[in-house]
file start.cif (mmCIF, C-alpha atoms and all ligand atoms)
data_start
loop_
_atom_site.group_PDB
_atom_site.id
_atom_site.type_symbol
_atom_site.label_atom_id
_atom_site.label_comp_id
_atom_site.auth_asym_id
_atom_site.auth_seq_id
_atom_site.Cartn_x
_atom_site.Cartn_y
_atom_site.Cartn_z
ATOM 1 C CA MET A 1313 -7.232 23.718 -17.064
ATOM 2 C CA ARG A 1314 -4.638 21.446 -18.635
ATOM 3 C CA VAL A 1315 -3.028 19.440 -15.857
ATOM 4 C CA PHE A 1316 0.091 17.272 -16.009
ATOM 5 C CA VAL A 1317 -0.271 14.407 -13.508
ATOM 6 C CA THR A 1318 2.727 12.287 -12.543
ATOM 7 C CA GLY A 1319 1.963 8.922 -10.958
ATOM 8 C CA ALA A 1320 -1.235 9.132 -12.996
ATOM 9 C CA THR A 1321 -1.596 5.347 -13.124
ATOM 10 C CA GLY A 1322 -0.988 4.851 -9.391
ATOM 11 C CA TRP A 1323 -3.353 4.267 -6.502
ATOM 12 C CA VAL A 1324 -3.738 7.931 -5.608
ATOM 13 C CA GLY A 1325 -2.928 9.409 -9.032
ATOM 14 C CA SER A 1326 -5.499 7.376 -10.967
ATOM 15 C CA ALA A 1327 -8.210 8.684 -8.624
ATOM 16 C CA VAL A 1328 -6.901 12.224 -9.111
ATOM 17 C CA VAL A 1329 -7.088 11.779 -12.911
ATOM 18 C CA LYS A 1330 -10.658 10.544 -12.686
ATOM 19 C CA ASP A 1331 -11.655 13.455 -10.480
ATOM 20 C CA LEU A 1332 -9.987 16.022 -12.752
ATOM 21 C CA VAL A 1333 -11.572 14.606 -15.910
ATOM 22 C CA ALA A 1334 -14.999 14.533 -14.249
ATOM 23 C CA ALA A 1335 -14.543 18.194 -13.293
ATOM 24 C CA GLY A 1336 -13.834 19.105 -16.932
ATOM 25 C CA HIS A 1337 -10.055 19.446 -16.862
ATOM 26 C CA GLN A 1338 -7.752 18.114 -19.565
ATOM 27 C CA VAL A 1339 -5.238 15.663 -18.167
ATOM 28 C CA LEU A 1340 -1.819 14.734 -19.465
ATOM 29 C CA GLY A 1341 -0.721 11.645 -17.535
ATOM 30 C CA LEU A 1342 2.827 10.407 -17.077
ATOM 31 C CA THR A 1343 3.568 6.707 -17.340
ATOM 32 C CA ARG A 1344 6.509 4.434 -18.129
ATOM 33 C CA SER A 1345 4.536 1.560 -19.573
ATOM 34 C CA GLU A 1346 2.243 0.497 -22.369
ATOM 35 C CA LYS A 1347 -0.196 -0.850 -19.803
ATOM 36 C CA GLY A 1348 -0.185 2.550 -18.073
ATOM 37 C CA ALA A 1349 -0.763 4.294 -21.411
ATOM 38 C CA ASP A 1350 -3.801 2.100 -22.089
ATOM 39 C CA ALA A 1351 -5.230 2.798 -18.637
ATOM 40 C CA LEU A 1352 -4.751 6.544 -19.066
ATOM 41 C CA ALA A 1353 -6.380 6.595 -22.484
ATOM 42 C CA ALA A 1354 -9.322 4.626 -21.062
ATOM 43 C CA ALA A 1355 -9.626 7.202 -18.269
ATOM 44 C CA GLY A 1356 -9.905 10.015 -20.805
ATOM 45 C CA ALA A 1357 -6.380 11.382 -20.306
ATOM 46 C CA LYS A 1358 -3.651 12.075 -22.828
ATOM 47 C CA VAL A 1359 -0.537 9.988 -22.391
ATOM 48 C CA HIS A 1360 2.918 11.360 -21.728
ATOM 49 C CA ARG A 1361 5.679 8.756 -21.738
ATOM 50 C CA GLY A 1362 8.594 9.405 -19.424
ATOM 51 C CA THR A 1363 10.195 8.652 -16.087
ATOM 52 C CA LEU A 1364 11.187 10.512 -12.943
ATOM 53 C CA ALA A 1365 14.837 10.059 -13.888
ATOM 54 C CA ASP A 1366 14.293 11.568 -17.340
ATOM 55 C CA LEU A 1367 13.990 15.211 -16.354
ATOM 56 C CA ASP A 1368 13.480 16.288 -19.974
ATOM 57 C CA SER A 1369 10.337 14.179 -20.113
ATOM 58 C CA LEU A 1370 9.036 15.929 -16.974
ATOM 59 C CA ARG A 1371 9.935 19.341 -18.354
ATOM 60 C CA ARG A 1372 8.082 18.618 -21.604
ATOM 61 C CA GLY A 1373 4.999 17.473 -19.692
ATOM 62 C CA ALA A 1374 4.929 20.561 -17.477
ATOM 63 C CA ASP A 1375 5.678 22.885 -20.406
ATOM 64 C CA GLN A 1376 2.449 21.803 -22.085
ATOM 65 C CA SER A 1377 0.350 22.333 -18.955
ATOM 66 C CA ASP A 1378 -1.167 25.032 -16.757
ATOM 67 C CA GLY A 1379 -0.638 23.060 -13.585
ATOM 68 C CA VAL A 1380 1.066 19.922 -12.261
ATOM 69 C CA ILE A 1381 -0.042 17.356 -9.701
ATOM 70 C CA HIS A 1382 2.926 15.224 -8.704
ATOM 71 C CA THR A 1383 2.124 11.847 -7.143
ATOM 72 C CA ALA A 1384 4.751 9.583 -8.757
ATOM 73 C CA PHE A 1385 7.168 7.986 -6.342
ATOM 74 C CA ASN A 1386 9.390 4.937 -6.452
ATOM 75 C CA HIS A 1387 8.369 2.884 -3.411
ATOM 76 C CA ASP A 1388 11.448 0.660 -3.299
ATOM 77 C CA PHE A 1389 12.199 1.339 0.383
ATOM 78 C CA SER A 1390 15.647 -0.262 0.111
ATOM 79 C CA LYS A 1391 16.635 2.820 -1.917
ATOM 80 C CA ILE A 1392 14.660 5.425 -0.020
ATOM 81 C CA VAL A 1393 17.439 8.034 0.088
ATOM 82 C CA GLU A 1394 18.057 7.823 -3.681
ATOM 83 C CA ASN A 1395 14.319 7.859 -4.321
ATOM 84 C CA CYS A 1396 13.832 10.997 -2.206
ATOM 85 C CA GLU A 1397 16.655 12.651 -4.134
ATOM 86 C CA GLU A 1398 14.975 11.671 -7.392
ATOM 87 C CA ASP A 1399 11.696 13.084 -6.063
ATOM 88 C CA LYS A 1400 13.383 16.349 -5.156
ATOM 89 C CA ARG A 1401 14.949 16.704 -8.618
ATOM 90 C CA ALA A 1402 11.585 15.935 -10.222
ATOM 91 C CA ILE A 1403 9.769 18.611 -8.179
ATOM 92 C CA GLU A 1404 12.453 21.180 -8.903
ATOM 93 C CA THR A 1405 12.277 20.405 -12.629
ATOM 94 C CA LEU A 1406 8.469 20.545 -12.734
ATOM 95 C CA GLY A 1407 8.494 23.819 -10.806
ATOM 96 C CA ALA A 1408 11.153 25.386 -12.986
ATOM 97 C CA ALA A 1409 9.222 24.406 -16.114
ATOM 98 C CA LEU A 1410 6.012 25.998 -14.825
ATOM 99 C CA GLU A 1411 7.925 29.054 -13.792
ATOM 100 C CA GLY A 1412 9.779 29.188 -17.101
ATOM 101 C CA SER A 1413 13.020 29.856 -15.262
ATOM 102 C CA ASP A 1414 16.384 28.274 -14.640
ATOM 103 C CA PRO A 1415 16.594 25.049 -12.598
ATOM 104 C CA VAL A 1416 16.754 25.447 -8.827
ATOM 105 C CA SER A 1417 20.165 25.343 -7.206
ATOM 106 C CA PRO A 1418 21.094 21.882 -5.904
ATOM 107 C CA SER A 1419 21.506 23.286 -2.391
ATOM 108 C CA PHE A 1420 17.723 23.317 -1.818
ATOM 109 C CA PRO A 1421 16.434 21.110 1.015
ATOM 110 C CA ARG A 1422 15.734 17.461 0.355
ATOM 111 C CA SER A 1423 12.205 16.631 1.265
ATOM 112 C CA SER A 1424 9.434 16.965 -1.273
ATOM 113 C CA GLU A 1425 7.478 19.385 0.890
ATOM 114 C CA GLN A 1426 10.427 21.686 1.461
ATOM 115 C CA THR A 1427 11.215 21.588 -2.235
ATOM 116 C CA ALA A 1428 7.669 22.671 -3.038
ATOM 117 C CA ALA A 1429 7.875 25.393 -0.361
ATOM 118 C CA ALA A 1430 11.087 26.689 -1.938
ATOM 119 C CA LEU A 1431 9.289 26.977 -5.279
ATOM 120 C CA ALA A 1432 6.407 28.798 -3.577
ATOM 121 C CA ALA A 1433 8.882 31.221 -1.991
ATOM 122 C CA ARG A 1434 9.969 32.112 -5.513
ATOM 123 C CA GLY A 1435 6.401 33.080 -6.374
ATOM 124 C CA LEU A 1436 5.210 29.842 -7.938
ATOM 125 C CA ARG A 1437 1.760 28.609 -6.875
ATOM 126 C CA ALA A 1438 3.207 25.383 -5.484
ATOM 127 C CA SER A 1439 1.987 23.446 -2.503
ATOM 128 C CA ALA A 1440 2.241 20.047 -0.858
ATOM 129 C CA ILE A 1441 -0.725 17.791 -0.153
ATOM 130 C CA ARG A 1442 -0.167 15.838 3.053
ATOM 131 C CA LEU A 1443 -1.861 12.477 2.717
ATOM 132 C CA ALA A 1444 -2.934 10.494 5.727
ATOM 133 C CA PRO A 1445 -0.541 7.539 6.023
ATOM 134 C CA THR A 1446 -3.536 5.305 5.371
ATOM 135 C CA VAL A 1447 -5.160 6.052 2.035
ATOM 136 C CA HIS A 1448 -7.816 3.351 1.998
ATOM 137 C CA GLY A 1449 -10.398 2.015 -0.420
ATOM 138 C CA HIS A 1450 -10.868 -0.716 -2.975
ATOM 139 C CA GLY A 1451 -7.447 -1.659 -4.407
ATOM 140 C CA ASP A 1452 -5.499 -0.516 -1.315
ATOM 141 C CA HIS A 1453 -1.897 -1.692 -1.406
ATOM 142 C CA GLY A 1454 -0.625 0.433 1.464
ATOM 143 C CA PHE A 1455 -0.238 0.019 5.219
ATOM 144 C CA VAL A 1456 -3.488 -1.827 5.964
ATOM 145 C CA PRO A 1457 -2.830 -4.742 3.578
ATOM 146 C CA ILE A 1458 0.662 -4.998 5.096
ATOM 147 C CA LEU A 1459 -0.929 -5.316 8.549
ATOM 148 C CA ILE A 1460 -3.358 -7.936 7.275
ATOM 149 C CA GLY A 1461 -0.445 -9.870 5.761
ATOM 150 C CA ILE A 1462 1.516 -9.818 9.025
ATOM 151 C CA ALA A 1463 -1.540 -10.920 11.036
ATOM 152 C CA ARG A 1464 -2.220 -13.727 8.603
ATOM 153 C CA GLU A 1465 1.403 -14.895 8.713
ATOM 154 C CA LYS A 1466 1.701 -14.726 12.519
ATOM 155 C CA GLY A 1467 -1.754 -16.101 13.308
ATOM 156 C CA VAL A 1468 -2.580 -13.180 15.642
ATOM 157 C CA SER A 1469 -3.663 -9.596 15.042
ATOM 158 C CA ALA A 1470 -1.519 -7.408 17.276
ATOM 159 C CA TYR A 1471 -1.429 -3.868 18.613
ATOM 160 C CA VAL A 1472 1.227 -2.207 20.742
ATOM 161 C CA GLY A 1473 0.563 -1.601 24.463
ATOM 162 C CA GLU A 1474 -2.997 -0.360 24.934
ATOM 163 C CA GLY A 1475 -3.398 0.204 21.202
ATOM 164 C CA HIS A 1476 -4.493 3.788 21.786
ATOM 165 C CA ASN A 1477 -2.033 5.168 19.245
ATOM 166 C CA ARG A 1478 -3.880 6.848 16.381
ATOM 167 C CA TRP A 1479 -3.536 6.612 12.603
ATOM 168 C CA PRO A 1480 -5.073 9.391 10.516
ATOM 169 C CA ALA A 1481 -6.935 8.076 7.489
ATOM 170 C CA VAL A 1482 -8.505 9.192 4.246
ATOM 171 C CA HIS A 1483 -10.427 7.431 1.508
ATOM 172 C CA ARG A 1484 -8.673 7.517 -1.851
ATOM 173 C CA LEU A 1485 -11.571 9.319 -3.603
ATOM 174 C CA ASP A 1486 -11.728 12.028 -0.931
ATOM 175 C CA ALA A 1487 -7.942 12.465 -1.141
ATOM 176 C CA ALA A 1488 -8.097 12.845 -4.918
ATOM 177 C CA ARG A 1489 -10.507 15.755 -4.541
ATOM 178 C CA VAL A 1490 -8.080 17.665 -2.319
ATOM 179 C CA TYR A 1491 -5.522 17.718 -5.156
ATOM 180 C CA ARG A 1492 -8.067 19.131 -7.590
ATOM 181 C CA LEU A 1493 -9.490 21.686 -5.166
ATOM 182 C CA ALA A 1494 -5.998 22.900 -4.257
ATOM 183 C CA LEU A 1495 -5.273 23.403 -7.941
ATOM 184 C CA GLU A 1496 -8.564 25.175 -8.588
ATOM 185 C CA HIS A 1497 -8.756 27.303 -5.426
ATOM 186 C CA GLY A 1498 -5.140 28.399 -5.302
ATOM 187 C CA THR A 1499 -2.266 26.465 -3.849
ATOM 188 C CA GLU A 1500 -0.662 29.375 -2.010
ATOM 189 C CA HIS A 1501 -2.347 28.576 1.313
ATOM 190 C CA GLY A 1502 -0.939 25.038 1.494
ATOM 191 C CA PRO A 1503 0.235 22.613 2.623
ATOM 192 C CA PHE A 1504 -3.169 20.959 2.621
ATOM 193 C CA HIS A 1505 -4.193 17.982 4.735
ATOM 194 C CA ALA A 1506 -6.007 15.212 2.881
ATOM 195 C CA ILE A 1507 -7.113 13.723 6.176
ATOM 196 C CA ALA A 1508 -10.687 12.638 6.785
ATOM 197 C CA GLU A 1509 -10.232 11.052 10.217
ATOM 198 C CA GLU A 1510 -7.894 12.718 12.686
ATOM 199 C CA GLY A 1511 -6.868 9.506 14.329
ATOM 200 C CA VAL A 1512 -8.268 5.985 14.284
ATOM 201 C CA PRO A 1513 -7.092 4.044 17.376
ATOM 202 C CA PHE A 1514 -4.805 1.277 16.187
ATOM 203 C CA LYS A 1515 -6.546 -1.270 18.409
ATOM 204 C CA GLN A 1516 -9.768 -0.813 16.415
ATOM 205 C CA ILE A 1517 -7.931 -1.657 13.208
ATOM 206 C CA ALA A 1518 -6.372 -4.742 14.827
ATOM 207 C CA GLU A 1519 -9.809 -5.832 16.070
ATOM 208 C CA VAL A 1520 -11.408 -5.770 12.618
ATOM 209 C CA ILE A 1521 -8.449 -7.685 11.194
ATOM 210 C CA GLY A 1522 -8.663 -10.285 13.988
ATOM 211 C CA ARG A 1523 -12.399 -10.757 13.531
ATOM 212 C CA ARG A 1524 -12.225 -10.989 9.744
ATOM 213 C CA LEU A 1525 -9.305 -13.459 9.816
ATOM 214 C CA ASN A 1526 -10.806 -15.295 12.781
ATOM 215 C CA ILE A 1527 -7.604 -15.049 14.810
ATOM 216 C CA PRO A 1528 -6.875 -13.697 18.335
ATOM 217 C CA VAL A 1529 -6.326 -9.978 18.876
ATOM 218 C CA VAL A 1530 -3.385 -9.486 21.245
ATOM 219 C CA SER A 1531 -1.381 -6.697 22.865
ATOM 220 C CA LYS A 1532 2.401 -6.687 22.373
ATOM 221 C CA SER A 1533 5.006 -4.868 24.425
ATOM 222 C CA PRO A 1534 7.284 -2.593 22.369
ATOM 223 C CA GLU A 1535 9.974 -5.306 22.440
ATOM 224 C CA GLU A 1536 7.555 -8.025 21.333
ATOM 225 C CA ALA A 1537 6.183 -5.656 18.677
ATOM 226 C CA ALA A 1538 9.626 -5.346 17.100
ATOM 227 C CA GLU A 1539 9.671 -9.118 16.689
ATOM 228 C CA HIS A 1540 6.046 -9.380 15.560
ATOM 229 C CA PHE A 1541 5.897 -6.497 13.075
ATOM 230 C CA GLY A 1542 9.554 -6.476 11.950
ATOM 231 C CA TRP A 1543 10.392 -3.347 9.902
ATOM 232 C CA PHE A 1544 6.775 -2.223 10.243
ATOM 233 C CA ALA A 1545 6.969 -1.954 14.079
ATOM 234 C CA ARG A 1546 7.560 1.785 14.196
ATOM 235 C CA PHE A 1547 4.559 2.418 11.956
ATOM 236 C CA ALA A 1548 2.387 0.123 14.072
ATOM 237 C CA ALA A 1549 3.296 2.096 17.207
ATOM 238 C CA VAL A 1550 3.134 5.595 15.772
ATOM 239 C CA ASP A 1551 0.633 8.047 17.231
ATOM 240 C CA CYS A 1552 0.202 10.894 14.764
ATOM 241 C CA PRO A 1553 -3.257 12.488 14.951
ATOM 242 C CA ALA A 1554 -3.677 15.269 12.418
ATOM 243 C CA SER A 1555 -6.429 17.786 11.788
ATOM 244 C CA SER A 1556 -7.747 18.943 8.429
ATOM 245 C CA GLU A 1557 -9.883 21.772 9.802
ATOM 246 C CA ARG A 1558 -7.886 24.426 7.957
ATOM 247 C CA THR A 1559 -7.968 22.513 4.665
ATOM 248 C CA ARG A 1560 -11.715 21.904 4.975
ATOM 249 C CA SER A 1561 -12.340 25.565 5.506
ATOM 250 C CA LEU A 1562 -9.960 26.875 2.818
ATOM 251 C CA LEU A 1563 -10.971 24.425 0.097
ATOM 252 C CA ALA A 1564 -14.575 23.763 1.153
ATOM 253 C CA TRP A 1565 -13.593 20.097 1.251
ATOM 254 C CA ARG A 1566 -15.885 17.624 2.960
ATOM 255 C CA PRO A 1567 -14.938 13.956 2.958
ATOM 256 C CA GLN A 1568 -17.838 11.919 1.631
ATOM 257 C CA GLN A 1569 -16.563 8.357 1.615
ATOM 258 C CA PRO A 1570 -16.711 5.743 4.407
ATOM 259 C CA GLY A 1571 -14.175 5.885 7.238
ATOM 260 C CA LEU A 1572 -11.298 3.446 7.618
ATOM 261 C CA ILE A 1573 -12.992 0.997 9.994
ATOM 262 C CA THR A 1574 -16.195 0.773 7.920
ATOM 263 C CA ASP A 1575 -14.166 0.426 4.733
ATOM 264 C CA LEU A 1576 -11.837 -2.189 6.201
ATOM 265 C CA ASP A 1577 -14.711 -4.306 7.483
ATOM 266 C CA HIS A 1578 -15.384 -5.826 4.068
ATOM 267 C CA ALA A 1579 -14.410 -9.203 2.679
ATOM 268 C CA ALA A 1580 -12.598 -7.583 -0.262
ATOM 269 C CA TYR A 1581 -9.866 -6.298 2.055
ATOM 270 C CA PHE A 1582 -9.182 -9.877 3.131
ATOM 271 C CA GLU A 1583 -9.000 -11.558 -0.240
ATOM 272 C CA ARG A 1584 -5.526 -12.846 -0.949
ATOM 273 C CA GLY A 1585 -3.366 -11.080 -3.529
ATOM 274 C CA PRO A 1586 -3.613 -7.485 -4.701
ATOM 275 C CA HIS A 1587 -7.008 -5.843 -4.045
HETATM 276 N N1 LIG B 1601 -1.048 4.650 -0.980
HETATM 277 C C1 LIG B 1601 -1.036 5.212 0.222
HETATM 278 O O1 LIG B 1601 -1.704 4.709 1.160
HETATM 279 C C2 LIG B 1601 -0.221 6.468 0.515
HETATM 280 C C3 LIG B 1601 -0.259 7.009 1.794
HETATM 281 C C4 LIG B 1601 0.478 8.167 2.061
HETATM 282 C C5 LIG B 1601 1.258 8.741 1.065
HETATM 283 N N2 LIG B 1601 1.293 8.183 -0.193
HETATM 284 C C6 LIG B 1601 2.117 8.863 -1.218
HETATM 285 O O2 LIG B 1601 1.247 9.246 -2.293
HETATM 286 C C7 LIG B 1601 1.963 9.200 -3.528
HETATM 287 C C8 LIG B 1601 1.242 8.259 -4.488
HETATM 288 O O3 LIG B 1601 1.255 6.940 -3.920
HETATM 289 P P1 LIG B 1601 0.506 5.703 -4.615
HETATM 290 O O4 LIG B 1601 0.141 4.744 -3.549
HETATM 291 O O5 LIG B 1601 -0.541 6.241 -5.533
HETATM 292 O O6 LIG B 1601 1.670 5.069 -5.501
HETATM 293 P P2 LIG B 1601 1.605 3.780 -6.452
HETATM 294 O O7 LIG B 1601 0.226 3.211 -6.535
HETATM 295 O O8 LIG B 1601 2.723 2.886 -6.040
HETATM 296 O O9 LIG B 1601 1.909 4.370 -7.897
HETATM 297 C C9 LIG B 1601 3.159 4.842 -8.197
HETATM 298 C C10 LIG B 1601 3.016 5.736 -9.425
HETATM 299 O O10 LIG B 1601 4.286 6.365 -9.615
HETATM 300 C C11 LIG B 1601 4.709 6.109 -10.924
HETATM 301 N N3 LIG B 1601 6.157 5.874 -10.868
HETATM 302 C C12 LIG B 1601 6.847 5.077 -10.002
HETATM 303 N N4 LIG B 1601 8.159 5.137 -10.289
HETATM 304 C C13 LIG B 1601 8.289 5.983 -11.343
HETATM 305 C C14 LIG B 1601 9.393 6.430 -12.095
HETATM 306 N N5 LIG B 1601 10.635 6.016 -11.828
HETATM 307 N N6 LIG B 1601 9.166 7.285 -13.116
HETATM 308 C C15 LIG B 1601 7.899 7.698 -13.415
HETATM 309 N N7 LIG B 1601 6.806 7.305 -12.731
HETATM 310 C C16 LIG B 1601 7.009 6.451 -11.713
HETATM 311 C C17 LIG B 1601 3.955 4.900 -11.444
HETATM 312 O O11 LIG B 1601 3.731 5.082 -12.847
HETATM 313 P P3 LIG B 1601 3.974 3.977 -14.014
HETATM 314 O O12 LIG B 1601 4.239 2.658 -13.360
HETATM 315 O O13 LIG B 1601 2.698 4.006 -14.832
HETATM 316 O O14 LIG B 1601 5.124 4.501 -14.781
HETATM 317 C C18 LIG B 1601 2.644 4.988 -10.672
HETATM 318 O O15 LIG B 1601 1.727 5.778 -11.405
HETATM 319 C C19 LIG B 1601 3.388 8.745 -3.189
HETATM 320 O O16 LIG B 1601 4.207 9.868 -2.981
HETATM 321 C C20 LIG B 1601 3.174 7.988 -1.870
HETATM 322 O O17 LIG B 1601 4.352 7.881 -1.119
HETATM 323 C C21 LIG B 1601 0.567 7.067 -0.492
#
call {"tool": "encode", "arguments": {"input": "start.cif", "output": "C-alpha cells"}}
result
Amino acid sequence: MRVFVTGATGWVGSAVVKDLVAAGHQVLGLTRSEKGADALAAAGAKVHRGTLADLDSLRRGADQSDGVIHTAFNHDFSKIVENCEEDKRAIETLGAALEGSDPVSPSFPRSSEQTAAALAARGLRASAIRLAPTVHGHGDHGFVPILIGIAREKGVSAYVGEGHNRWPAVHRLDAARVYRLALEHGTEHGPFHAIAEEGVPFKQIAEVIGRRLNIPVVSKSPEEAAEHFGWFARFAAVDCPASSERTRSLLAWRPQQPGLITDLDHAAYFERGPH
C-alpha cells in the first residue's frame, strides 16, 4: 500500500514510517524541513514537502496515496485552540482527498477524533488511534521527561496524595504497529487503543525518578501539587486507566516492548538535554 504519513519525522510518526517500510509499504512522508527530508529519505520514504496550514500540500499527498496516517501536530500549547482547529482542517482535507469528494462543511465538530468519525460516517475507512498519554522509549520528549525536569528543578520527586492515580502507557514501537495494523486490517472498527499498560500507578513513576536522581520521593496535597508541578499539576493527578482488550483482539496486536517502569529505569532517561 502507498501510505501518506503526516508527522513522519516526529517521535511517533518516525516509528510508524519504520514499521510501514519494514512491512513492505511505500511511504510518502510529510515534512517542513530539509533536515526532515533527509531523515525520511534515510528511512526509505519518499519526501512530501508541505505544512498543516497548506491544505493543498496535504491534498496532493493524500491524492497520491491509498491511505493516510496523520500524526502531525503543532505542540505549542499556548495556541492549543488554533492548533486543534488546524488539526481539524487537516483531517477534513485528508479525508476529502481520499474520498475524492468536496471538503467537509465547517460545522463539523472540533476534535480530531470526532472529525475522523464524521469522515467514517460518510463511508470513508477513517479511524482514530488513541495513544496512551505516555508514549515512552529512547528519545522520549513527552510527559516523563517533563516530570524528570520538574523533579530535578525542585529537588524532590513528588506524587499527589497516595499516588495511586494511574497513567496508561505504551512503548513507541508498539504504538507504531497499531497504526499499521489498523490500516491493514480495516479501520472501520476503530477507534483503536494503542495502550500496552492499562494504568501505571503514578507513585511508581515518582519512585524511579527519585531513585535515579537521588532525591527524596514525597507526597503532595492537591494544593501543594499545584505549586510543585505548575501547569503540569492536572496531568500529574489524573487517573485515567484504559483498556486495549478490544484493539488487541481486533488487530491481533500484542505489545512486545518493555513497560514504562522498566523502560524509565535506565540512565538514558536521566541524561540532560533531549534523549
Ligand atoms: N509523544 C507522546 O508521548 C504522545 C502521547 C500522546 C499523544 N501524542 C500525539 O501523537 C501525535 C504525534 O506526536 P509526536 O510526539 O510524535 O510529535 P512530535 O515528535 O512533536 O512531532 C511532530 C511532527 O509533526 C510535524 N509538524 C508539526 N507542526 C507541523 C506543521 N505546522 N505542519 C506540518 N507538520 C508539522 C513535524 O514535522 P516537521 O517538523 O518535519 O515538519 C513532526 O513530524 C500528536 O498528535 C501528539 O499530540 C503524543
call {"tool": "resolve_selection", "arguments": {"input": "start.cif", "expression": "the PyMOL selection byres (((chain A and resi 1324) around 10) and not hetatm)", "output": "ChimeraX atom specification"}}
result
/A:1319-1323,1325-1329,1383-1384,1443,1447-1448,1452,1483-1485,1487-1488,1491
call {"tool": "residues_around", "arguments": {"input": "start.cif", "residues": "Gln1376 of chain A", "least_positions_apart": "5", "cutoff": "12 Å", "atoms": "all atoms listed in the file", "output": "list in words"}}
result
Met1313, Arg1314, Val1315, Phe1316, Val1317, Gln1338, Val1339, Leu1340, Gly1341, Lys1358, His1360, Ser1369, Leu1370, Arg1371, Leu1406, Ala1409, Leu1410 and Gly1412 of chain A
call {"tool": "closest_residue", "arguments": {"input": "start.cif", "among": "A:Val1520, A:Ala1538, A:Ala1481, A:Ala1554", "to": "Tyr1581 of chain A", "atoms": "all atoms listed in the file"}}
result
A:Val1520
call {"tool": "closest_residue", "arguments": {"input": "start.cif", "among": "A:Ala1440, A:Ala1537, A:Val1550, A:Leu1431", "to": "ligand LIG 1601 (chain B)", "atoms": "all atoms listed in the file"}}
result
A:Ala1440
call {"tool": "closest_residue", "arguments": {"input": "start.cif", "among": "A:Arg1442, A:Arg1437, A:Arg1524, A:Arg1372", "to": "ligand LIG 1601 (chain B)", "atoms": "only C-alpha atoms and all ligand atoms"}}
result
A:Arg1442
call {"tool": "closest_residue", "arguments": {"input": "start.cif", "among": "A:Leu1572, A:Val1512, A:Leu1493, A:Ala1432", "to": "Leu1332 of chain A", "atoms": "all atoms listed in the file"}}
result
A:Leu1493
call {"tool": "closest_residue", "arguments": {"input": "start.cif", "among": "A:Gly1348, A:Arg1492, A:Phe1544, A:Ala1433", "to": "His1382 of chain A", "atoms": "only C-alpha atoms"}}
result
A:Arg1492
call {"tool": "closest_residue", "arguments": {"input": "start.cif", "among": "A:Ala1444, A:Ala1428, A:Val1468, A:Ile1403", "to": "ligand LIG 1601 (chain B)", "atoms": "only C-alpha atoms and all ligand atoms"}}
result
A:Ala1444
call {"tool": "resolve_selection", "arguments": {"input": "start.cif", "expression": "the PyMOL selection byres (((chain A and resi 1402) around 8) and not hetatm)", "output": "list in words"}}
result
Leu1364, Ala1365, Leu1367, Leu1370, Glu1398, Asp1399, Lys1400, Arg1401, Ile1403, Glu1404, Thr1405 and Leu1406 of chain A
call {"tool": "atom_distance", "arguments": {"input": "start.cif", "atom1": "atom CA of Ala1549 of chain A", "atom2": "atom CA of Gly1473 of chain A"}}
result
8.6 Å
call {"tool": "resolve_selection", "arguments": {"input": "start.cif", "expression": "the PyMOL selection byres (((chain A and resi 1503) around 10) and not hetatm)", "output": "list of chain:residue names"}}
result
A:Glu1425, A:Ala1428, A:Ala1429, A:Ala1438, A:Ser1439, A:Ala1440, A:Ile1441, A:Arg1442, A:Ala1494, A:Thr1499, A:Glu1500, A:His1501, A:Gly1502, A:Phe1504, A:His1505, A:Ala1506, A:Arg1558, A:Thr1559
call {"tool": "axis_aligned_box", "arguments": {"input": "start.cif", "around": "segment 1315-1319 of chain A", "padding_each_side": "6 Å", "output": "JSON"}}
result
{"center_x": -0.2, "center_y": 14.2, "center_z": -13.5, "size_x": 17.8, "size_y": 22.5, "size_z": 17.1}
call {"tool": "atom_distance", "arguments": {"input": "start.cif", "atom1": "atom CA of Thr1574 of chain A", "atom2": "atom CA of Glu1519 of chain A"}}
result
12.3 Å
call {"tool": "atom_distance", "arguments": {"input": "start.cif", "atom1": "atom CA of Ala1579 of chain A", "atom2": "atom CA of Arg1464 of chain A"}}
result
14.3 Å
